[in-house]
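Asks: Structure: coords_8.pdb, PDB, C-alpha atoms.
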```pdb
MODEL        1
ATOM      1  CA  MET A   1      -6.957   9.110  -2.452
ATOM      2  CA  PHE A   2      -3.250   8.527  -2.016
ATOM      3  CA  HIS A   3      -2.314  11.505   0.101
ATOM      4  CA  ASN A   4      -3.381  10.465   3.543
ATOM      5  CA  ASN A   5      -3.701   7.266   5.483
ATOM      6  CA  ASN A   6      -7.419   7.655   6.167
ATOM      7  CA  GLY A   7      -8.082   7.997   2.447
ATOM      8  CA  GLY A   8      -7.083   4.353   1.997
ATOM      9  CA  PHE A   9      -9.681   3.140   4.488
ATOM     10  CA  LEU A  10     -12.377   5.452   3.118
ATOM     11  CA  SER A  11     -11.877   4.304  -0.464
ATOM     12  CA  ARG A  12     -11.893   0.637   0.614
ATOM     13  CA  TYR A  13     -15.052   1.256   2.670
ATOM     14  CA  LEU A  14     -16.812   2.931  -0.262
ATOM     15  CA  ILE A  15     -15.823   0.163  -2.676
ATOM     16  CA  ALA A  16     -17.093  -2.461  -0.205
ATOM     17  CA  PHE A  17     -20.338  -0.522   0.345
ATOM     18  CA  CYS A  18     -21.050  -0.186  -3.390
ATOM     19  CA  VAL A  19     -20.221  -3.818  -4.188
ATOM     20  CA  ILE A  20     -22.197  -5.219  -1.226
ATOM     21  CA  THR A  21     -25.242  -3.055  -1.990
ATOM     22  CA  THR A  22     -25.180  -4.073  -5.650
ATOM     23  CA  GLY A  23     -24.598  -7.724  -4.732
ATOM     24  CA  LEU A  24     -27.530  -7.711  -2.281
ATOM     25  CA  CYS A  25     -29.884  -6.173  -4.864
ATOM     26  CA  ILE A  26     -28.913  -8.837  -7.413
ATOM     27  CA  ALA A  27     -29.113 -11.649  -4.819
ATOM     28  CA  GLU A  28     -32.537 -10.479  -3.605
ATOM     29  CA  GLY A  29     -33.781 -10.343  -7.179
ATOM     30  CA  ILE A  30     -32.502 -13.812  -8.067
ATOM     31  CA  LEU A  31     -33.378 -15.571  -4.799
ATOM     32  CA  GLY A  32     -36.735 -13.791  -4.483
ATOM     33  CA  SER A  33     -37.860 -14.765  -7.976
ATOM     34  CA  LEU A  34     -36.735 -18.370  -7.360
ATOM     35  CA  LEU A  35     -38.008 -18.922  -3.807
ATOM     36  CA  LEU A  36     -40.884 -16.436  -3.454
ATOM     37  CA  PRO A  37     -42.013 -15.656  -7.011
ATOM     38  CA  ASP A  38     -45.379 -14.219  -5.876
ATOM     39  CA  GLY A  39     -43.940 -12.196  -2.990
ATOM     40  CA  ARG A  40     -44.603  -8.426  -2.792
ATOM     41  CA  LEU A  41     -42.374  -6.014  -0.895
ATOM     42  CA  PRO A  42     -43.083  -2.488   0.424
ATOM     43  CA  TYR A  43     -41.058   0.554  -0.732
ATOM     44  CA  SER A  44     -39.051   0.344   2.485
ATOM     45  CA  ALA A  45     -37.427  -2.818   1.033
ATOM     46  CA  TYR A  46     -35.317  -0.495  -1.141
ATOM     47  CA  PHE A  47     -33.449   0.584   1.984
ATOM     48  CA  VAL A  48     -32.434  -2.922   3.033
ATOM     49  CA  PRO A  49     -29.444  -3.361   0.650
ATOM     50  CA  PRO A  50     -27.808   0.031   1.445
ATOM     51  CA  VAL A  51     -28.398  -0.369   5.202
ATOM     52  CA  PHE A  52     -26.860  -3.856   5.198
ATOM     53  CA  GLY A  53     -24.169  -2.592   2.814
ATOM     54  CA  ALA A  54     -23.210   0.165   5.268
ATOM     55  CA  LEU A  55     -23.298  -2.094   8.335
ATOM     56  CA  THR A  56     -21.392  -4.996   6.834
ATOM     57  CA  SER A  57     -18.773  -2.676   5.275
ATOM     58  CA  LEU A  58     -17.996  -1.466   8.792
ATOM     59  CA  THR A  59     -16.845  -4.979   9.683
ATOM     60  CA  GLY A  60     -13.807  -4.119   7.531
ATOM     61  CA  LEU A  61     -12.499  -2.439  10.690
ATOM     62  CA  VAL A  62     -11.322  -5.865  11.914
ATOM     63  CA  MET A  63      -8.688  -5.706   9.175
ATOM     64  CA  GLU A  64      -7.214  -2.482  10.571
ATOM     65  CA  SER A  65      -4.072  -2.898  12.652
ATOM     66  CA  ARG A  66      -1.123  -0.802  13.757
ATOM     67  CA  LYS A  67       1.154  -3.795  13.299
ATOM     68  CA  VAL A  68       2.167  -5.335   9.996
ATOM     69  CA  LEU A  69       0.014  -8.452   9.932
ATOM     70  CA  SER A  70       1.309 -11.790   8.730
ATOM     71  CA  VAL A  71      -0.605 -13.682   6.018
ATOM     72  CA  ARG A  72      -1.917 -16.042   8.708
ATOM     73  CA  GLN A  73      -3.167 -13.168  10.846
ATOM     74  CA  ILE A  74      -4.847 -11.606   7.823
ATOM     75  CA  ALA A  75      -6.503 -14.916   6.938
ATOM     76  CA  PHE A  76      -7.782 -15.240  10.511
ATOM     77  CA  ARG A  77      -9.155 -11.694  10.454
ATOM     78  CA  LEU A  78     -10.859 -12.358   7.117
ATOM     79  CA  PHE A  79     -12.518 -15.403   8.655
ATOM     80  CA  LEU A  80     -13.525 -13.295  11.667
ATOM     81  CA  GLN A  81     -14.992 -10.657   9.350
ATOM     82  CA  TRP A  82     -16.998 -13.302   7.486
ATOM     83  CA  LEU A  83     -18.352 -14.619  10.817
ATOM     84  CA  LEU A  84     -19.234 -11.070  11.913
ATOM     85  CA  ILE A  85     -21.161 -10.443   8.694
ATOM     86  CA  LEU A  86     -23.067 -13.726   9.086
ATOM     87  CA  GLY A  87     -23.818 -12.844  12.716
ATOM     88  CA  LEU A  88     -25.006  -9.398  11.668
ATOM     89  CA  VAL A  89     -27.293 -10.692   8.905
ATOM     90  CA  PHE A  90     -28.840 -13.506  10.976
ATOM     91  CA  GLY A  91     -28.910 -11.375  14.151
ATOM     92  CA  VAL A  92     -30.798  -8.459  12.586
ATOM     93  CA  ASN A  93     -33.311 -10.810  10.963
ATOM     94  CA  LEU A  94     -33.863 -12.670  14.235
ATOM     95  CA  VAL A  95     -34.419  -9.365  16.067
ATOM     96  CA  ILE A  96     -37.084  -8.263  13.577
ATOM     97  CA  GLY A  97     -38.786 -11.633  14.024
ATOM     98  CA  TYR A  98     -37.746 -13.531  10.902
ATOM     99  CA  ARG A  99     -37.347 -17.264  11.484
ATOM    100  CA  TYR A 100     -35.014 -19.114   9.119
ATOM    101  CA  THR A 101     -35.602 -22.615   7.830
ATOM    102  CA  PRO A 102     -32.433 -24.759   7.544
ATOM    103  CA  LEU A 103     -32.639 -24.330   3.754
ATOM    104  CA  MET A 104     -32.713 -20.529   4.106
ATOM    105  CA  VAL A 105     -29.753 -20.620   6.532
ATOM    106  CA  GLY A 106     -27.765 -22.473   3.883
ATOM    107  CA  ILE A 107     -28.845 -20.159   1.063
ATOM    108  CA  VAL A 108     -28.095 -16.973   3.036
ATOM    109  CA  THR A 109     -24.690 -18.339   4.132
ATOM    110  CA  VAL A 110     -23.787 -19.074   0.511
ATOM    111  CA  GLU A 111     -25.102 -15.648  -0.560
ATOM    112  CA  VAL A 112     -23.043 -13.848   2.095
ATOM    113  CA  THR A 113     -19.942 -15.871   1.187
ATOM    114  CA  VAL A 114     -20.278 -15.142  -2.532
ATOM    115  CA  ILE A 115     -20.736 -11.383  -1.926
ATOM    116  CA  PHE A 116     -17.865 -11.394   0.607
ATOM    117  CA  LEU A 117     -15.493 -13.014  -1.910
ATOM    118  CA  PHE A 118     -16.750 -10.730  -4.686
ATOM    119  CA  VAL A 119     -15.970  -7.622  -2.584
ATOM    120  CA  TYR A 120     -12.391  -8.797  -2.054
ATOM    121  CA  LEU A 121     -12.062  -9.696  -5.737
ATOM    122  CA  VAL A 122     -13.156  -6.185  -6.771
ATOM    123  CA  MET A 123     -10.758  -4.639  -4.237
ATOM    124  CA  TRP A 124      -7.914  -6.819  -5.493
ATOM    125  CA  LEU A 125      -8.642  -5.850  -9.108
ATOM    126  CA  ASN A 126      -8.636  -2.179  -8.082
ATOM    127  CA  GLU A 127      -5.317  -2.618  -6.266
ATOM    128  CA  ARG A 128      -3.872  -4.425  -9.285
ATOM    129  CA  ARG A 129      -4.913  -1.481 -11.482
ATOM    130  CA  ILE A 130      -3.189   0.918  -9.052
ATOM    131  CA  ALA A 131      -0.082  -1.313  -8.944
ATOM    132  CA  ASN A 132       0.125  -1.406 -12.756
ATOM    133  CA  ALA A 133      -0.159   2.388 -12.986
ATOM    134  CA  PHE A 134       2.443   2.727 -10.227
ATOM    135  CA  ASN A 135       4.851   0.347 -11.998
ATOM    136  CA  ARG A 136       4.582   2.352 -15.248
ATOM    137  CA  GLU A 137       5.267   5.634 -13.428
ATOM    138  CA  LEU A 138       8.116   4.052 -11.455
ATOM    139  CA  ALA A 139       9.785   2.779 -14.632
ATOM    140  CA  ALA A 140       9.459   6.264 -16.192
ATOM    141  CA  LEU A 141      10.905   7.898 -13.069
ATOM    142  CA  GLN A 142      13.854   5.486 -12.936
ATOM    143  CA  SER A 143      14.480   5.943 -16.636
ATOM    144  CA  ARG A 144      14.554   9.750 -16.203
ATOM    145  CA  GLN A 145      17.016   9.308 -13.346
ATOM    146  CA  ASP A 146      19.246   6.995 -15.398
ATOM    147  CA  ASN A 147      19.437   9.430 -18.302
TER     148      ASN A 147
ATOM    149  CA  MET B 148      19.677  21.587 -22.185
ATOM    150  CA  LYS B 149      23.290  22.658 -22.580
ATOM    151  CA  VAL B 150      25.775  20.680 -20.458
ATOM    152  CA  SER B 151      29.331  21.814 -19.801
ATOM    153  CA  ILE B 152      32.092  20.206 -17.744
ATOM    154  CA  ARG B 153      35.051  22.217 -16.466
ATOM    155  CA  ASN B 154      38.104  20.444 -15.079
ATOM    156  CA  ILE B 155      39.403  21.661 -11.728
ATOM    157  CA  ASP B 156      42.292  20.571  -9.504
ATOM    158  CA  ALA B 157      40.851  20.255  -5.994
ATOM    159  CA  LEU B 158      38.412  17.433  -5.182
ATOM    160  CA  SER B 159      36.865  19.516  -2.428
ATOM    161  CA  GLU B 160      35.937  22.178  -4.979
ATOM    162  CA  GLU B 161      33.839  19.783  -7.107
ATOM    163  CA  GLN B 162      30.290  21.002  -7.529
ATOM    164  CA  VAL B 163      27.320  20.970  -9.871
ATOM    165  CA  VAL B 164      25.818  24.355 -10.724
ATOM    166  CA  ILE B 165      22.374  24.379 -12.310
ATOM    167  CA  GLU B 166      21.471  27.522 -14.213
ATOM    168  CA  CYS B 167      17.780  27.663 -14.963
ATOM    169  CA  VAL B 168      14.987  30.140 -15.633
ATOM    170  CA  ARG B 169      12.783  28.530 -12.973
ATOM    171  CA  VAL B 170      12.964  25.482 -10.714
ATOM    172  CA  THR B 171      10.745  22.923 -12.445
ATOM    173  CA  PRO B 172      10.144  19.340 -11.211
ATOM    174  CA  GLU B 173      12.697  18.246 -13.813
ATOM    175  CA  ILE B 174      15.301  20.587 -12.310
ATOM    176  CA  GLU B 175      14.400  19.254  -8.847
ATOM    177  CA  GLU B 176      15.043  15.732 -10.113
ATOM    178  CA  ILE B 177      18.460  16.719 -11.474
ATOM    179  CA  ARG B 178      19.285  18.375  -8.146
ATOM    180  CA  ALA B 179      18.215  15.280  -6.169
ATOM    181  CA  PHE B 180      20.163  13.038  -8.519
ATOM    182  CA  ALA B 181      23.342  15.144  -8.240
ATOM    183  CA  GLN B 182      23.048  15.282  -4.454
ATOM    184  CA  SER B 183      22.456  11.557  -4.103
ATOM    185  CA  LYS B 184      25.568  10.731  -6.133
ATOM    186  CA  GLY B 185      27.903  12.123  -3.536
ATOM    187  CA  GLN B 186      25.820  11.050  -0.586
ATOM    188  CA  GLY B 187      27.011   8.279   1.653
ATOM    189  CA  LEU B 188      26.858   6.940   5.150
ATOM    190  CA  SER B 189      28.969   4.812   7.441
ATOM    191  CA  GLY B 190      27.994   1.358   8.613
ATOM    192  CA  VAL B 191      29.429  -1.682  10.322
ATOM    193  CA  SER B 192      29.598  -4.691   8.023
ATOM    194  CA  GLY B 193      29.113  -8.323   9.035
ATOM    195  CA  SER B 194      32.855  -8.662   9.620
ATOM    196  CA  GLY B 195      32.702  -5.855  12.190
ATOM    197  CA  GLN B 196      34.522  -3.275  10.072
ATOM    198  CA  MET B 197      33.323   0.292   9.646
ATOM    199  CA  GLU B 198      32.757   0.947   5.942
ATOM    200  CA  ARG B 199      31.519   3.777   3.765
ATOM    201  CA  ILE B 200      28.264   2.967   1.912
ATOM    202  CA  ALA B 201      27.069   4.919  -1.124
ATOM    203  CA  LEU B 202      23.451   5.913  -0.623
ATOM    204  CA  GLU B 203      22.565   4.893  -4.172
ATOM    205  CA  ASP B 204      23.684   1.316  -3.375
ATOM    206  CA  VAL B 205      21.247   0.957  -0.478
ATOM    207  CA  TYR B 206      18.111  -1.041  -1.363
ATOM    208  CA  TYR B 207      16.380  -0.434   1.954
ATOM    209  CA  PHE B 208      16.865   0.414   5.612
ATOM    210  CA  GLU B 209      15.344  -1.873   8.201
ATOM    211  CA  ALA B 210      14.894  -1.480  11.953
ATOM    212  CA  VAL B 211      15.152  -4.678  13.985
ATOM    213  CA  ASP B 212      15.137  -4.686  17.802
ATOM    214  CA  GLU B 213      16.210  -1.052  18.262
ATOM    215  CA  LYS B 214      18.986  -1.481  15.679
ATOM    216  CA  CYS B 215      18.974  -0.102  12.180
ATOM    217  CA  PHE B 216      20.433  -1.821   9.143
ATOM    218  CA  ALA B 217      21.234  -0.655   5.611
ATOM    219  CA  CYS B 218      20.775  -3.429   3.061
ATOM    220  CA  THR B 219      22.663  -3.271  -0.223
ATOM    221  CA  GLU B 220      22.524  -5.848  -3.015
ATOM    222  CA  LYS B 221      24.546  -8.425  -1.092
ATOM    223  CA  GLN B 222      25.669  -6.853   2.187
ATOM    224  CA  VAL B 223      23.939  -5.743   5.366
ATOM    225  CA  TYR B 224      25.448  -2.919   7.453
ATOM    226  CA  GLU B 225      24.461  -1.814  10.906
ATOM    227  CA  ILE B 226      24.147   1.946  11.064
ATOM    228  CA  ARG B 227      23.866   4.351  13.966
ATOM    229  CA  GLN B 228      20.923   6.427  12.774
ATOM    230  CA  ARG B 229      17.320   5.743  13.756
ATOM    231  CA  LEU B 230      14.778   4.831  11.092
ATOM    232  CA  TYR B 231      12.769   8.053  11.470
ATOM    233  CA  GLU B 232      15.987  10.066  11.063
ATOM    234  CA  ILE B 233      16.811   8.160   7.878
ATOM    235  CA  GLU B 234      13.290   8.620   6.563
ATOM    236  CA  LYS B 235      13.604  12.368   7.028
ATOM    237  CA  ALA B 236      17.232  12.771   5.946
ATOM    238  CA  TYR B 237      16.928  10.830   2.685
ATOM    239  CA  GLU B 238      13.405  11.799   1.710
ATOM    240  CA  ASP B 239      14.746  13.859  -1.218
ATOM    241  CA  TYR B 240      16.758  10.896  -2.496
ATOM    242  CA  TYR B 241      13.738   8.733  -3.267
ATOM    243  CA  PHE B 242      13.705   6.884   0.035
ATOM    244  CA  VAL B 243      10.227   6.280   1.398
ATOM    245  CA  ARG B 244       8.764   4.490   4.414
ATOM    246  CA  CYS B 245       6.860   1.361   3.324
ATOM    247  CA  SER B 246       6.098  -0.177   6.714
ATOM    248  CA  LYS B 247       6.704   0.462  10.395
ATOM    249  CA  SER B 248      10.210  -0.983  10.193
ATOM    250  CA  VAL B 249      11.368  -0.433   6.582
ATOM    251  CA  VAL B 250      12.380   2.564   4.450
ATOM    252  CA  LEU B 251      12.957   1.538   0.838
ATOM    253  CA  ASN B 252      14.834   3.088  -2.080
ATOM    254  CA  LEU B 253      12.415   3.729  -4.951
ATOM    255  CA  MET B 254      15.331   3.672  -7.383
ATOM    256  CA  LYS B 255      15.983   0.030  -6.412
ATOM    257  CA  LEU B 256      12.359  -1.020  -6.518
ATOM    258  CA  GLY B 257      11.463  -3.326  -9.414
ATOM    259  CA  SER B 258       7.690  -3.342  -9.112
ATOM    260  CA  ILE B 259       4.810  -3.726  -6.701
ATOM    261  CA  SER B 260       1.939  -6.198  -6.724
ATOM    262  CA  PRO B 261      -1.247  -6.332  -4.668
ATOM    263  CA  ALA B 262      -1.223  -8.598  -1.626
ATOM    264  CA  LEU B 263      -4.099  -9.437   0.690
ATOM    265  CA  ALA B 264      -6.430  -6.753   2.058
ATOM    266  CA  GLY B 265      -4.914  -3.463   0.987
ATOM    267  CA  ARG B 266      -1.262  -4.445   1.337
ATOM    268  CA  TYR B 267       1.239  -4.562  -1.506
ATOM    269  CA  THR B 268       4.393  -6.572  -2.064
ATOM    270  CA  ALA B 269       7.477  -4.607  -3.131
ATOM    271  CA  HIS B 270       9.696  -6.634  -5.475
ATOM    272  CA  MET B 271      13.188  -5.178  -5.158
ATOM    273  CA  GLN B 272      15.643  -5.297  -8.068
ATOM    274  CA  ASN B 273      17.809  -7.821  -6.191
ATOM    275  CA  GLY B 274      14.887 -10.228  -5.911
ATOM    276  CA  GLU B 275      13.988  -9.483  -2.293
ATOM    277  CA  LYS B 276      10.358  -8.970  -1.377
ATOM    278  CA  LEU B 277       9.206  -6.381   1.157
ATOM    279  CA  VAL B 278       5.774  -5.678   2.579
ATOM    280  CA  ILE B 279       4.136  -2.316   1.872
ATOM    281  CA  SER B 280       1.648  -2.024   4.711
ATOM    282  CA  ARG B 281      -1.873  -0.655   4.332
ATOM    283  CA  LYS B 282      -0.882   2.414   6.321
ATOM    284  CA  TYR B 283       2.076   3.348   4.143
ATOM    285  CA  ALA B 284       0.762   2.152   0.746
ATOM    286  CA  PRO B 285      -0.845   5.542  -0.039
ATOM    287  CA  VAL B 286       2.436   7.285   0.855
ATOM    288  CA  VAL B 287       4.581   5.058  -1.390
ATOM    289  CA  ILE B 288       2.109   5.174  -4.293
ATOM    290  CA  GLY B 289       1.566   8.916  -3.951
ATOM    291  CA  ARG B 290       5.312   9.527  -3.954
ATOM    292  CA  VAL B 291       5.692   8.025  -7.442
ATOM    293  CA  MET B 292       2.341   8.947  -8.954
ATOM    294  CA  ASN B 293       2.760  12.603  -8.021
ATOM    295  CA  GLN B 294       6.069  12.915  -9.856
ATOM    296  CA  GLU B 295       5.738  15.000 -12.993
ATOM    297  CA  GLY B 296       7.621  13.942 -16.074
TER     298      GLY B 296
ENDMDL
END
```
Go ahead and express the file in the form of structure tokens.
Replies:
Amino acid sequence: MFHNNNGGFLSRYLIAFCVITTGLCIAEGILGSLLLPDGRLPYSAYFVPPVFGALTSLTGLVMESRKVLSVRQIAFRLFLQWLLILGLVFGVNLVIGYRYTPLMVGIVTVEVTVIFLFVYLVMWLNERRIANAFNRELAALQSRQDN
Amino acid sequence: MKVSIRNIDALSEEQVVIECVRVTPEIEEIRAFAQSKGQGLSGVSGSGQMERIALEDVYYFEAVDEKCFACTEKQVYEIRQRLYEIEKAYEDYYFVRCSKSVVLNLMKLGSISPALAGRYTAHMQNGEKLVISRKYAPVVIGRVMNQEG
């Protein structure tokens, strides 16, 4: 995971994919039982969360840059990523013929935003875990050097 | 481990000899430590004077507009080497590239903390903060995590 530069992107992509897929399954379960309690879905519905998980995780590419980005640039790219995900979700549903009511637009936007923030929270917690482990090893290394 | 010190007359004859059964990571650390103690480089200080800088006093090297600077606790020196040369030359002395323009000294690093979107902030022991970019974060982390105690 730490030995090459592509490993960083791959691990972030996999974390995003797993969190988004899980988040979509939970959101579908909650929203479905609230808004369409009598609805029935075919087996193919099982593929929707992983397909959307894979597609929306790819939007993480907008965060890749050769330059060291400033906090402002990162914030802008995060906003761009959020817009891309919304465009992807609404775009795919429009293409397959689904028509959203204004209420559904609002609900889906909130759903996407919550999952988006949750993905970054999980990634941040993972990075904090790595940083803590690093700091322990660094202190041990420096202590060995001092002695 | 047995340690012995023998006094000699000539400064140029000073040396550290390590006698070991096999070269373990611990022995490698001792070697790197001994080498870094004598290591130094020349740099031009803010007052325009050429001065000798001990490598162990350098917190980080930074490239700005084709120029390279060595930053110690309080002073900044302009040096003649390029950043990629420094990265390669001082790799064994716990210097590691943390972004496109900075090579930091792990022995002067206080801690790291996660920043936004895969980046980390390096908190140096003198209170300065440096960015560890997404590209170089695995390199910096791997460098410390792969050390065997």
Asks: Wanna dump the chain A-chain B contacts at 9 Å for me, each residue with its shortest atom pair and the distance in Å to one decimal, counting only C-alpha atoms, ordered by chain and number, as CSV?
Replies:
```
residue,atom,partner,partner_atom,distance
A:Met1,CA,B:Pro285,CA,7.5
A:Phe2,CA,B:Pro285,CA,4.3
A:His3,CA,B:Pro285,CA,6.1
A:Asn4,CA,B:Pro285,CA,6.6
A:Asn5,CA,B:Lys282,CA,5.7
A:Asn6,CA,B:Lys282,CA,8.4
A:Gly7,CA,B:Pro285,CA,8.0
A:Gly8,CA,B:Pro285,CA,6.7
A:Phe9,CA,B:Arg281,CA,8.7
A:Arg12,CA,B:Gly265,CA,8.1
A:Met63,CA,B:Ala264,CA,7.5
A:Glu64,CA,B:Arg281,CA,8.4
A:Ser65,CA,B:Lys282,CA,8.9
A:Arg66,CA,B:Lys282,CA,8.1
A:Lys67,CA,B:Lys247,CA,7.6
A:Val68,CA,B:Ser280,CA,6.3
A:Leu69,CA,B:Ser280,CA,8.4
A:Val71,CA,B:Leu263,CA,7.7
A:Ile74,CA,B:Leu263,CA,7.5
A:Ala75,CA,B:Leu263,CA,8.7
A:Leu78,CA,B:Ala264,CA,8.8
A:Tyr120,CA,B:Ala264,CA,7.5
A:Met123,CA,B:Gly265,CA,7.9
A:Trp124,CA,B:Pro261,CA,6.7
A:Leu125,CA,B:Pro261,CA,8.6
A:Glu127,CA,B:Pro261,CA,5.7
A:Arg128,CA,B:Pro261,CA,5.6
A:Ile130,CA,B:Ile288,CA,8.3
A:Ala131,CA,B:Ser260,CA,5.7
A:Asn132,CA,B:Ser260,CA,7.9
A:Ala133,CA,B:Met292,CA,8.1
A:Phe134,CA,B:Met292,CA,6.3
A:Asn135,CA,B:Ser258,CA,5.5
A:Arg136,CA,B:Ser258,CA,8.9
A:Glu137,CA,B:Met292,CA,6.3
A:Leu138,CA,B:Val291,CA,6.1
A:Ala139,CA,B:Gly257,CA,8.2
A:Ala140,CA,B:Gly296,CA,7.9
A:Leu141,CA,B:Gly296,CA,7.5
A:Gln142,CA,B:Met254,CA,6.0
A:Arg144,CA,B:Gly296,CA,8.1
A:Gln145,CA,B:Phe180,CA,6.9
```
Asks: For the selection just defined, write its residues with C-alpha atoms to a file, as a PDB file, keeping the file's coordinate frame.
Replies:
```pdb
ATOM      1  CA  MET A   1      -6.957   9.110  -2.452  1.00  0.00           C
ATOM      2  CA  PHE A   2      -3.250   8.527  -2.016  1.00  0.00           C
ATOM      3  CA  HIS A   3      -2.314  11.505   0.101  1.00  0.00           C
ATOM      4  CA  ASN A   4      -3.381  10.465   3.543  1.00  0.00           C
ATOM      5  CA  ASN A   5      -3.701   7.266   5.483  1.00  0.00           C
ATOM      6  CA  ASN A   6      -7.419   7.655   6.167  1.00  0.00           C
ATOM      7  CA  GLY A   7      -8.082   7.997   2.447  1.00  0.00           C
ATOM      8  CA  GLY A   8      -7.083   4.353   1.997  1.00  0.00           C
ATOM      9  CA  PHE A   9      -9.681   3.140   4.488  1.00  0.00           C
ATOM     10  CA  ARG A  12     -11.893   0.637   0.614  1.00  0.00           C
ATOM     11  CA  MET A  63      -8.688  -5.706   9.175  1.00  0.00           C
ATOM     12  CA  GLU A  64      -7.214  -2.482  10.571  1.00  0.00           C
ATOM     13  CA  SER A  65      -4.072  -2.898  12.652  1.00  0.00           C
ATOM     14  CA  ARG A  66      -1.123  -0.802  13.757  1.00  0.00           C
ATOM     15  CA  LYS A  67       1.154  -3.795  13.299  1.00  0.00           C
ATOM     16  CA  VAL A  68       2.167  -5.335   9.996  1.00  0.00           C
ATOM     17  CA  LEU A  69       0.014  -8.452   9.932  1.00  0.00           C
ATOM     18  CA  VAL A  71      -0.605 -13.682   6.018  1.00  0.00           C
ATOM     19  CA  ILE A  74      -4.847 -11.606   7.823  1.00  0.00           C
ATOM     20  CA  ALA A  75      -6.503 -14.916   6.938  1.00  0.00           C
ATOM     21  CA  LEU A  78     -10.859 -12.358   7.117  1.00  0.00           C
ATOM     22  CA  TYR A 120     -12.391  -8.797  -2.054  1.00  0.00           C
ATOM     23  CA  MET A 123     -10.758  -4.639  -4.237  1.00  0.00           C
ATOM     24  CA  TRP A 124      -7.914  -6.819  -5.493  1.00  0.00           C
ATOM     25  CA  LEU A 125      -8.642  -5.850  -9.108  1.00  0.00           C
ATOM     26  CA  GLU A 127      -5.317  -2.618  -6.266  1.00  0.00           C
ATOM     27  CA  ARG A 128      -3.872  -4.425  -9.285  1.00  0.00           C
ATOM     28  CA  ILE A 130      -3.189   0.918  -9.052  1.00  0.00           C
ATOM     29  CA  ALA A 131      -0.082  -1.313  -8.944  1.00  0.00           C
ATOM     30  CA  ASN A 132       0.125  -1.406 -12.756  1.00  0.00           C
ATOM     31  CA  ALA A 133      -0.159   2.388 -12.986  1.00  0.00           C
ATOM     32  CA  PHE A 134       2.443   2.727 -10.227  1.00  0.00           C
ATOM     33  CA  ASN A 135       4.851   0.347 -11.998  1.00  0.00           C
ATOM     34  CA  ARG A 136       4.582   2.352 -15.248  1.00  0.00           C
ATOM     35  CA  GLU A 137       5.267   5.634 -13.428  1.00  0.00           C
ATOM     36  CA  LEU A 138       8.116   4.052 -11.455  1.00  0.00           C
ATOM     37  CA  ALA A 139       9.785   2.779 -14.632  1.00  0.00           C
ATOM     38  CA  ALA A 140       9.459   6.264 -16.192  1.00  0.00           C
ATOM     39  CA  LEU A 141      10.905   7.898 -13.069  1.00  0.00           C
ATOM     40  CA  GLN A 142      13.854   5.486 -12.936  1.00  0.00           C
ATOM     41  CA  ARG A 144      14.554   9.750 -16.203  1.00  0.00           C
ATOM     42  CA  GLN A 145      17.016   9.308 -13.346  1.00  0.00           C
TER      43      GLN A 145
END
```
Asks: Step by step, work through what the PyMOL selection byres ((chain B and resi 242) around 9) selects in the shown file, and finish by giving those residues as JSON, numbers by chain.
Replies: {"B": [207, 233, 234, 235, 237, 238, 239, 240, 241, 243, 244, 250, 251, 252, 253, 254]}
Asks: Find the spatial neighbours of Leu83 of chain A, counting only C-alpha atoms, within a cut-off of 12 Å - ignore same-chain residues fewer than 4 positions away - and output them as a PyMOL selection string.
Replies: chain A and resi 56+59-60+62+76-79+87-91+109+112-113+116
Asks: What would the file look like if the residues just selected were written as a CSV table (one decimal), in the frame of the given file with C-alpha atoms?
Replies:
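Resulting contents of part_18.csv:
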```csv
chain,number,residue,atom,x,y,z
A,56,THR,CA,-21.4,-5.0,6.8
A,59,THR,CA,-16.8,-5.0,9.7
A,60,GLY,CA,-13.8,-4.1,7.5
A,62,VAL,CA,-11.3,-5.9,11.9
A,76,PHE,CA,-7.8,-15.2,10.5
A,77,ARG,CA,-9.2,-11.7,10.5
A,78,LEU,CA,-10.9,-12.4,7.1
A,79,PHE,CA,-12.5,-15.4,8.7
A,87,GLY,CA,-23.8,-12.8,12.7
A,88,LEU,CA,-25.0,-9.4,11.7
A,89,VAL,CA,-27.3,-10.7,8.9
A,90,PHE,CA,-28.8,-13.5,11.0
A,91,GLY,CA,-28.9,-11.4,14.2
A,109,THR,CA,-24.7,-18.3,4.1
A,112,VAL,CA,-23.0,-13.8,2.1
A,113,THR,CA,-19.9,-15.9,1.2
A,116,PHE,CA,-17.9,-11.4,0.6
```
Asks: Hey, what's within 12 Å of Glu213 of chain B if we count all atoms listed in the file and toss same-chain stuff fewer than 5 positions away? As a list in words, please?
Replies: Glu225, Ile226, Arg227, Gln228, Arg229, Leu230, Tyr231 and Ser248 of chain B
Asks: Quick one: residues within 9 Å of (-22.9, -3.5, -3.6) (file frame), counting all atoms listed in the file, please, as JSON, numbers by chain.
Replies: {"A": [15, 16, 17, 18, 19, 20, 21, 22, 23, 24, 25, 26, 49, 50, 53, 115, 119]}
Asks: Taking the file above as input, evaluate the PyMOL selection byres ((chain B and resi 222) around 12) and report the hits as a ChimeraX atom specification.
Replies: /B:190-194,198,200,204-208,216-221,223-225,273
Asks: When you draw a straight line from atom CA of Glu175 of chain B to atom CA of Leu277 of chain B, how long is it in Å?
Replies: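 Atom-to-atom, atom CA of Glu175 of chain B to atom CA of Leu277 of chain B, that is 28.0 Å.
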Asks: Could you work out an axis-aligned box for segment 190-197 of chain B, taking every atom the file lists and adding 5 Å on each side, and report centre and edge lengths in Å to one decimal, as lines of an AutoDock Vina configuration file?
Replies:
```
center_x = 31.3
center_y = -3.7
center_z = 10.1
size_x = 16.5
size_y = 20.0
size_z = 14.2
```
Asks: Which value, in Å to one decimal, gives the distance between atom CA of Ser151 of chain B and atom CA of Leu188 of chain B?
Replies: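 Atom CA of Leu188 of chain B lies at a distance of 29.2 Å from atom CA of Ser151 of chain B.
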Asks: Any idea what the distance is between atom CA of Lys214 of chain B and atom CA of Gln73 of chain A?
Replies: 25.5 Å
